[in-house]
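One structure is given below, encoded as structure tokens.
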Amino acid sequence: MHKNLIFIISIALLTTSSCRFFDSNRNMSREEFDIPDELLDEKPLEIASEVIDEMIQNVSSPVETAALIKGLNIPFNRDYIAPTQLDKNLNTSFQKAIGLGIYGAGLGYINMYERTSLVINYITTIKTLADGIQVGQFFDFSTLNRIATNKENLDSLMLISQQSFNRIDNYLRETNRPQLSIVIVAGIWIEGLYISTRVAQDARNPRINEIIGEQKVTMNTLMLLLNNYKYDASVAALIKDMEELQELYRDVRITYEYGDPVSVEKDGVLTFQQNDTQTIHMSDETLEKIIEKVQSIRNGLLQV
Amino acid sequence: MKNIFFAFFITMALTLGFANVSKAQSEDDLVEICGMIAGDATFLKDFRIRLDAGDPPPIQRFSVILRKGIKYRFSVCNSKDYEGKVVLQLLDNNRLLATTYIVATGTDYPSIEYVCTRTGAYHLFFNFRDGKPGLAVGLLSLVETM
């Protein structure tokens with residue numbers, strides 16, 4: 001992990017320092033050194049796709065957020081998720097990709113609560129957005145539609161939804177549109193956090209506050225991913241907003257105590273119980289500011 | 001003579017037919033099989049492992065975020081077309097937290113469960129026992145919240 005972090009930070013520093021050098025001394029550099037034109041492009045140094053893969057895996061799934069919320073016995077609330085008619089506000093590739101992420105996270109929430117009546121509208125919206133960035137073919141619309149209509153196996157609904165998103169992610173990166181893949185991931189993360197903030201306002205449950213606070217861990221990874229594509233003006237604008245949120249998260253402190261895991265075998269199932277503890281130190285004021293900022297970013301993206 | 005051709009034709013058809021039936025397992029097939037092993041847990045991610053033979057056994061590594069308050073299930077599934085039996089290890093920096101193969105007893109578990117109490121990045125190491133070549137799939141699924 002440390003090696004990876006050092007590698008990622010080195011790449012980020014290299015990218016920043018090399019861009020500054022060429023920006024400020026472009027003419028001199030051209031004259032004094034024989035530098036190929038392609039190295040003078042505005043594009044940043046690319047992070048290896050394996051590293052990107054690994055970093056994407058480090059932005060957690062919306063299904064887990066939905067499961068944690070449901071696990072707190074908090075009832076389903078349709079107002080927490082984006083209304084499907086808002087997709088009409090999403091016109092550019094960036095907007096469609098962010099929308100895919102936002103509606104994808106909403107679909108995870110709907111699926112977790114087994115609200116099949118809402119699934120069809122949601123998958124229709126997702127399919128439209130996916131078609132808009134030429135990845136609709138990876139969204140198994142007919143199967144999802146059938147499962148939702150007939151209320152068949154809901155685990156399959158979840159599996160196919162997840163797999164469709166995984167295929168879209170792979171295809172975007174294969175077709176040199178990795179920034180859209182990261183934007184989808186950002187949309188999923190923002191909507192997962194948005195839903196958590198709405199729950200926090202209604203439920204006043206300390207665990208949901210903790211769920212919001214611990215997102216500091218994944219936010220840092222997401223910011224590294226986004227910063228790799230800041231040459232894109234839309235991504236740069238999102239980064240600017242997210243940096244304000246990241247600044248608020250600086251006031252969140254997470255401490256850990258480590259314990260040895262214990263394994264127990266029962267009925268042939270081997271279970272490992274982790275014994276680490278985490279404590280989130282976050283003031284009510286910081287929480288309120290985070291909630292406000294998250295909702296402002298998310299509503300801005302959907303142009304609510 | 002016609003009978004010989006007929007017999008040859010039937011033999012070829014059967015051979016090709018069976019060859020088709022016992023075609024190599026793809027990674028997608030393995031994900032599906034592994035999904036059955038995972039049972040009623042909610043699918044989260046799959047990890048595809050393909051490694052050559054080696055000494056020491058080569059390792060394929062992934063990282064994943066696990067979240068406090070969730071019981072996860074890790075399931076593994078080997079391709080029947082390769083000798084290798086996959087071993088999954090869950091690590092946090094240098095600590096081994098869970099594994100599908102208990103060396104002391106020589107027991108292999110097709111799935112294990114992990115109750116997470118700390119949100120953060122974890123590492124999954126996959127290798128094939130005795131450094132044999134192999135193709136396998138690992139599945140991460142969500143069992144319940146705690």
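Order determines the names: the first chain of the structure tokens is A, the second B, and so forth; residues in each chain are numbered 1 upward, and ligands are numbered 1 upward as they are shown.
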
Could you pull out the residues in range 189-299 of chain A that DSSP calls helix (DSSP H, G or I) from the backbone, as a PyMOL selection string?
chain A and resi 189-203+206-213+215-227+233-249+284-299

Need to verify the contact set: Asp241 in chain A, 9 Å, only C-alpha atoms, exclusion of same-chain residues closer than 5 positions in sequence. Can you return it as an mmCIF file with N, CA and C atoms, in the first residue's frame?
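Final output, around_3.cif:
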```cif
data_model
loop_
_atom_site.group_PDB
_atom_site.id
_atom_site.type_symbol
_atom_site.label_atom_id
_atom_site.label_comp_id
_atom_site.auth_asym_id
_atom_site.auth_seq_id
_atom_site.Cartn_x
_atom_site.Cartn_y
_atom_site.Cartn_z
ATOM 1 N N ALA A 236 -12.145 19.628 -14.509
ATOM 2 C CA ALA A 236 -11.461 20.653 -13.715
ATOM 3 C C ALA A 236 -12.467 21.407 -12.839
ATOM 4 N N GLN A 246 -13.015 18.582 0.058
ATOM 5 C CA GLN A 246 -11.813 17.939 0.628
ATOM 6 C C GLN A 246 -11.241 18.802 1.766
ATOM 7 N N LYS A 293 -22.180 21.123 1.667
ATOM 8 C CA LYS A 293 -21.341 21.139 0.460
ATOM 9 C C LYS A 293 -21.685 19.974 -0.469
ATOM 10 N N ILE A 297 -22.963 20.325 -4.294
ATOM 11 C CA ILE A 297 -22.253 19.746 -5.455
ATOM 12 C C ILE A 297 -23.203 18.858 -6.258
#
```

Please identify all residues of chain A having at least one atom at most 9 Å from any atom of chain B, considering only C-alpha atoms, and return them as an NGL selection string.
:A and (1-2 or 53-61 or 63-65 or 67-68 or 70-72 or 155-156 or 158-159 or 162-163 or 166 or 211 or 214-215 or 217-218 or 256 or 260-263 or 268-278)

Store the residues picked out above, limited to C-alpha atoms, as a compact mmCIF listing (two decimals), in the first residue's frame.
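Just written: again.txt:
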```
# COMPACT_ATOMS: atom_id res chain seq x y z
CA MET A 1 0.00 0.00 0.00
CA HIS A 2 2.79 2.38 1.01
CA ASP A 53 -7.79 -0.09 -11.95
CA GLU A 54 -6.51 -0.42 -8.45
CA MET A 55 -7.51 3.10 -7.52
CA ILE A 56 -11.02 2.62 -8.89
CA GLN A 57 -11.36 -0.49 -6.73
CA ASN A 58 -10.60 1.82 -3.83
CA VAL A 59 -13.73 3.88 -4.31
CA SER A 60 -16.35 1.78 -2.60
CA SER A 61 -19.60 0.51 -4.05
CA VAL A 63 -24.51 -1.00 -2.66
CA GLU A 64 -22.53 -1.04 0.57
CA THR A 65 -23.72 2.46 1.50
CA ALA A 67 -26.89 -1.75 2.82
CA LEU A 68 -25.44 0.17 5.76
CA LYS A 70 -30.90 -0.16 5.44
CA GLY A 71 -29.08 -1.97 8.26
CA LEU A 72 -29.81 1.01 10.52
CA ASP A 155 -29.90 -10.87 -6.43
CA SER A 156 -29.68 -11.24 -10.21
CA MET A 158 -28.02 -6.52 -8.41
CA LEU A 159 -25.49 -8.79 -10.12
CA GLN A 162 -23.05 -4.26 -11.16
CA GLN A 163 -21.67 -6.25 -14.08
CA ASN A 166 -18.08 -2.98 -14.75
CA ILE A 211 -20.39 6.72 7.53
CA GLU A 214 -15.14 7.77 6.93
CA GLN A 215 -15.63 8.79 3.30
CA VAL A 217 -10.59 7.67 3.12
CA THR A 218 -12.08 7.19 -0.33
CA TYR A 256 -7.42 3.39 14.72
CA ASP A 260 -5.70 -9.51 16.01
CA PRO A 261 -8.50 -11.09 13.97
CA VAL A 262 -10.16 -14.22 15.32
CA SER A 263 -11.46 -17.07 13.17
CA GLY A 268 -18.67 -25.46 7.75
CA VAL A 269 -18.41 -21.69 7.28
CA LEU A 270 -15.11 -20.13 8.26
CA THR A 271 -15.60 -16.58 9.55
CA PHE A 272 -12.84 -14.13 10.40
CA GLN A 273 -13.79 -11.44 12.89
CA GLN A 274 -11.65 -8.33 12.64
CA ASN A 275 -10.80 -6.72 15.97
CA ASP A 276 -9.61 -3.30 14.88
CA THR A 277 -11.51 -0.23 16.00
CA GLN A 278 -11.86 3.10 14.26
```

Near-Ala148 in chain A list (12 Å; only C-alpha atoms; drop same-chain fewer than 2 positions) as a VMD selection string
chain A and resid 107 110 to 111 114 to 124 141 to 146 150 to 158 160 to 161

Create the file for the chosen residues now, containing N, CA and C atoms and written as a tab-separated table (two decimals), in the first residue's frame.
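New file result_2.tsv:
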```tsv
chain	number	residue	atom	x	y	z
A	107	LEU	N	-29.84	3.43	-8.29
A	107	LEU	CA	-30.31	2.08	-8.60
A	107	LEU	C	-29.87	1.09	-7.52
A	110	ILE	N	-32.20	1.61	-4.66
A	110	ILE	CA	-33.53	1.04	-4.96
A	110	ILE	C	-33.49	-0.49	-4.87
A	111	ASN	N	-32.43	-1.06	-5.47
A	111	ASN	CA	-32.30	-2.52	-5.47
A	111	ASN	C	-32.20	-3.05	-4.05
A	114	GLU	N	-35.35	-3.26	-2.61
A	114	GLU	CA	-36.23	-4.09	-3.44
A	114	GLU	C	-37.48	-3.33	-3.92
A	115	ARG	N	-37.30	-2.08	-4.30
A	115	ARG	CA	-38.42	-1.28	-4.82
A	115	ARG	C	-38.48	-1.45	-6.34
A	116	THR	N	-38.94	-2.63	-6.75
A	116	THR	CA	-38.91	-2.96	-8.17
A	116	THR	C	-39.75	-2.03	-9.03
A	117	SER	N	-40.78	-1.42	-8.42
A	117	SER	CA	-41.64	-0.54	-9.22
A	117	SER	C	-40.86	0.67	-9.74
A	118	LEU	N	-39.81	1.05	-9.01
A	118	LEU	CA	-39.01	2.21	-9.44
A	118	LEU	C	-37.87	1.81	-10.37
A	119	VAL	N	-37.55	0.52	-10.38
A	119	VAL	CA	-36.38	0.07	-11.11
A	119	VAL	C	-36.50	0.36	-12.60
A	120	ILE	N	-37.69	0.11	-13.16
A	120	ILE	CA	-37.83	0.22	-14.61
A	120	ILE	C	-37.55	1.64	-15.10
A	121	ASN	N	-38.12	2.63	-14.41
A	121	ASN	CA	-37.84	4.03	-14.79
A	121	ASN	C	-36.35	4.34	-14.66
A	122	TYR	N	-35.78	3.83	-13.62
A	122	TYR	CA	-34.36	4.11	-13.39
A	122	TYR	C	-33.48	3.48	-14.46
A	123	ILE	N	-33.75	2.20	-14.78
A	123	ILE	CA	-32.89	1.57	-15.79
A	123	ILE	C	-33.13	2.17	-17.18
A	124	THR	N	-34.35	2.67	-17.41
A	124	THR	CA	-34.61	3.35	-18.69
A	124	THR	C	-33.75	4.61	-18.78
A	141	PHE	N	-30.25	-4.18	-20.67
A	141	PHE	CA	-31.54	-3.54	-20.39
A	141	PHE	C	-32.69	-4.55	-20.38
A	142	SER	N	-32.71	-5.43	-21.40
A	142	SER	CA	-33.87	-6.33	-21.52
A	142	SER	C	-33.94	-7.30	-20.33
A	143	THR	N	-32.77	-7.83	-19.94
A	143	THR	CA	-32.79	-8.77	-18.80
A	143	THR	C	-33.19	-8.05	-17.52
A	144	LEU	N	-32.62	-6.86	-17.32
A	144	LEU	CA	-32.94	-6.10	-16.10
A	144	LEU	C	-34.43	-5.76	-16.07
A	145	ASN	N	-34.93	-5.38	-17.23
A	145	ASN	CA	-36.34	-5.03	-17.35
A	145	ASN	C	-37.23	-6.22	-16.99
A	146	ARG	N	-36.83	-7.39	-17.53
A	146	ARG	CA	-37.62	-8.60	-17.29
A	146	ARG	C	-37.61	-8.96	-15.80
A	150	ASN	N	-41.05	-8.84	-13.61
A	150	ASN	CA	-41.60	-10.09	-13.07
A	150	ASN	C	-41.23	-10.31	-11.62
A	151	LYS	N	-40.51	-9.35	-11.04
A	151	LYS	CA	-40.04	-9.48	-9.65
A	151	LYS	C	-39.32	-10.82	-9.46
A	152	GLU	N	-38.47	-11.14	-10.45
A	152	GLU	CA	-37.69	-12.37	-10.35
A	152	GLU	C	-36.59	-12.16	-9.32
A	153	ASN	N	-35.60	-13.03	-9.37
A	153	ASN	CA	-34.51	-13.02	-8.39
A	153	ASN	C	-33.84	-11.64	-8.30
A	154	LEU	N	-34.00	-10.98	-7.16
A	154	LEU	CA	-33.45	-9.64	-7.01
A	154	LEU	C	-31.93	-9.64	-6.90
A	155	ASP	N	-31.37	-10.78	-6.47
A	155	ASP	CA	-29.90	-10.87	-6.43
A	155	ASP	C	-29.35	-10.75	-7.85
A	156	SER	N	-30.11	-11.33	-8.81
A	156	SER	CA	-29.68	-11.24	-10.21
A	156	SER	C	-29.71	-9.80	-10.69
A	157	LEU	N	-30.72	-9.07	-10.22
A	157	LEU	CA	-30.86	-7.66	-10.59
A	157	LEU	C	-29.61	-6.90	-10.16
A	158	MET	N	-29.20	-7.18	-8.96
A	158	MET	CA	-28.02	-6.52	-8.41
A	158	MET	C	-26.76	-6.94	-9.17
A	160	ILE	N	-26.48	-8.18	-12.26
A	160	ILE	CA	-26.42	-7.69	-13.64
A	160	ILE	C	-26.17	-6.18	-13.66
A	161	SER	N	-26.77	-5.45	-12.72
A	161	SER	CA	-26.52	-4.00	-12.66
A	161	SER	C	-25.04	-3.74	-12.44
```

Between A:Asn77, A:Leu222, A:Tyr258, A:Ala200, single out the one closest to Glu243 in chain A, counting only C-alpha atoms.
A:Leu222

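Within 10 Å of Ser181 in chain A, once only C-alpha atoms are used and residues closer than 5 positions along the same chain are dropped, the contacting residues are Ile56, Phe94, Ala97, Ile98, Leu100, Gly101, Phe165, Asn166, Ile168, Asp169, Asn170, Tyr171, Leu172, Arg173, Asn176, Ala186 and Gly187 of chain A.
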
For the residues in that selection, give me N, CA and C atoms as a PDB file, in the first residue's frame.
```pdb
ATOM      1  N   ILE A  56      -9.563   2.668  -8.757  1.00  0.00           N
ATOM      2  CA  ILE A  56     -11.019   2.616  -8.892  1.00  0.00           C
ATOM      3  C   ILE A  56     -11.605   1.621  -7.893  1.00  0.00           C
ATOM      4  N   PHE A  94     -19.769  14.653 -20.402  1.00  0.00           N
ATOM      5  CA  PHE A  94     -19.441  14.727 -18.975  1.00  0.00           C
ATOM      6  C   PHE A  94     -20.716  14.597 -18.145  1.00  0.00           C
ATOM      7  N   ALA A  97     -22.119  11.132 -18.228  1.00  0.00           N
ATOM      8  CA  ALA A  97     -21.316  10.199 -17.423  1.00  0.00           C
ATOM      9  C   ALA A  97     -21.566  10.417 -15.932  1.00  0.00           C
ATOM     10  N   ILE A  98     -21.621  11.670 -15.517  1.00  0.00           N
ATOM     11  CA  ILE A  98     -21.868  11.933 -14.089  1.00  0.00           C
ATOM     12  C   ILE A  98     -23.273  11.454 -13.726  1.00  0.00           C
ATOM     13  N   LEU A 100     -24.855   8.980 -15.179  1.00  0.00           N
ATOM     14  CA  LEU A 100     -24.802   7.513 -15.102  1.00  0.00           C
ATOM     15  C   LEU A 100     -24.396   7.079 -13.701  1.00  0.00           C
ATOM     16  N   GLY A 101     -23.390   7.774 -13.155  1.00  0.00           N
ATOM     17  CA  GLY A 101     -22.938   7.450 -11.807  1.00  0.00           C
ATOM     18  C   GLY A 101     -24.012   7.740 -10.770  1.00  0.00           C
ATOM     19  N   PHE A 165     -22.162  -2.084 -15.148  1.00  0.00           N
ATOM     20  CA  PHE A 165     -21.291  -0.948 -14.849  1.00  0.00           C
ATOM     21  C   PHE A 165     -19.821  -1.328 -15.000  1.00  0.00           C
ATOM     22  N   ASN A 166     -19.473  -2.541 -14.593  1.00  0.00           N
ATOM     23  CA  ASN A 166     -18.077  -2.982 -14.747  1.00  0.00           C
ATOM     24  C   ASN A 166     -17.685  -3.033 -16.223  1.00  0.00           C
ATOM     25  N   ILE A 168     -19.041  -1.327 -18.728  1.00  0.00           N
ATOM     26  CA  ILE A 168     -18.975   0.048 -19.232  1.00  0.00           C
ATOM     27  C   ILE A 168     -17.629   0.661 -18.867  1.00  0.00           C
ATOM     28  N   ASP A 169     -17.237   0.454 -17.632  1.00  0.00           N
ATOM     29  CA  ASP A 169     -15.955   0.978 -17.145  1.00  0.00           C
ATOM     30  C   ASP A 169     -14.794   0.429 -17.990  1.00  0.00           C
ATOM     31  N   ASN A 170     -14.796  -0.884 -18.208  1.00  0.00           N
ATOM     32  CA  ASN A 170     -13.717  -1.500 -19.005  1.00  0.00           C
ATOM     33  C   ASN A 170     -13.691  -0.926 -20.417  1.00  0.00           C
ATOM     34  N   TYR A 171     -14.881  -0.814 -21.043  1.00  0.00           N
ATOM     35  CA  TYR A 171     -14.959  -0.378 -22.430  1.00  0.00           C
ATOM     36  C   TYR A 171     -14.488   1.071 -22.584  1.00  0.00           C
ATOM     37  N   LEU A 172     -14.902   1.916 -21.647  1.00  0.00           N
ATOM     38  CA  LEU A 172     -14.485   3.326 -21.731  1.00  0.00           C
ATOM     39  C   LEU A 172     -12.972   3.448 -21.653  1.00  0.00           C
ATOM     40  N   ARG A 173     -12.375   2.596 -20.819  1.00  0.00           N
ATOM     41  CA  ARG A 173     -10.918   2.692 -20.710  1.00  0.00           C
ATOM     42  C   ARG A 173     -10.225   2.072 -21.928  1.00  0.00           C
ATOM     43  N   ASN A 176     -10.098   4.605 -24.932  1.00  0.00           N
ATOM     44  CA  ASN A 176      -9.411   5.877 -24.645  1.00  0.00           C
ATOM     45  C   ASN A 176     -10.330   6.990 -24.161  1.00  0.00           C
ATOM     46  N   ALA A 186     -17.032   9.067  -9.940  1.00  0.00           N
ATOM     47  CA  ALA A 186     -17.259  10.250  -9.108  1.00  0.00           C
ATOM     48  C   ALA A 186     -18.759  10.439  -8.857  1.00  0.00           C
ATOM     49  N   GLY A 187     -19.555  10.245  -9.900  1.00  0.00           N
ATOM     50  CA  GLY A 187     -21.019  10.376  -9.765  1.00  0.00           C
ATOM     51  C   GLY A 187     -21.574   9.378  -8.757  1.00  0.00           C
TER      52      GLY A 187
END
```

8 Å contact set for Glu83 in chain B, only C-alpha atoms, chain neighbours under 2 positions out, as a list in words
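With the cut-off at 8 Å, the set is Lys80, Asp81, Lys85, Lys132, Pro133 and Gly134 of chain B.
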
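CA of Thr279 in chain A to CA of Phe125 in chain B spans 27.6 Å [interatomic distance, one decimal].
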
Residue list (strand (DSSP E or B), DSSP) for chain B, as a PyMOL selection string
chain B and resi 42-51+59-66+70-78+86-92+95-99+101-102+107-108+111-116+120-128+134-145

Tell me which protein, DNA and RNA residues are within 12 Å of Asp284 in chain A, counting only C-alpha atoms, leaving out same-chain ones fewer than 6 positions away, and put them as a list in words.
Ala200, Gln201, Arg204, Pro206, Asn209, Glu210, Ile212, Gly213, Asp251, Val252, Ile290 and Ile291 of chain A

Please produce a file of the residues just selected, as a tab-separated table (two decimals), in the first residue's frame, where the atoms kept are C-alpha atoms.
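What ended up in out.tsv:
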```
chain	number	residue	atom	x	y	z
A	200	ALA	CA	-28.15	12.05	8.47
A	201	GLN	CA	-30.43	15.09	8.42
A	204	ARG	CA	-29.80	11.88	13.52
A	206	PRO	CA	-24.36	8.66	15.09
A	209	ASN	CA	-22.45	10.51	10.77
A	210	GLU	CA	-19.57	8.06	11.01
A	212	ILE	CA	-20.12	10.28	6.20
A	213	GLY	CA	-16.87	10.94	8.08
A	251	ASP	CA	-11.10	18.72	9.89
A	252	VAL	CA	-12.18	15.08	10.13
A	290	ILE	CA	-19.92	18.71	4.74
A	291	ILE	CA	-23.63	17.97	4.38
```

With only C-alpha atoms as the counted atoms, please give the residues lying no more than 8 Å from Tyr101 in chain B, apart from itself and same-chain residues fewer than 6 positions off, as a PyMOL selection string.
chain B and resi 87-88+107-109

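Take CA of Val183 in chain A and CA of Ala66 in chain A: the distance between them is 20.5 Å.
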
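Interatomic distance, CA of Pro75 in chain A to CA of Gly108 in chain A: 14.9 Å.
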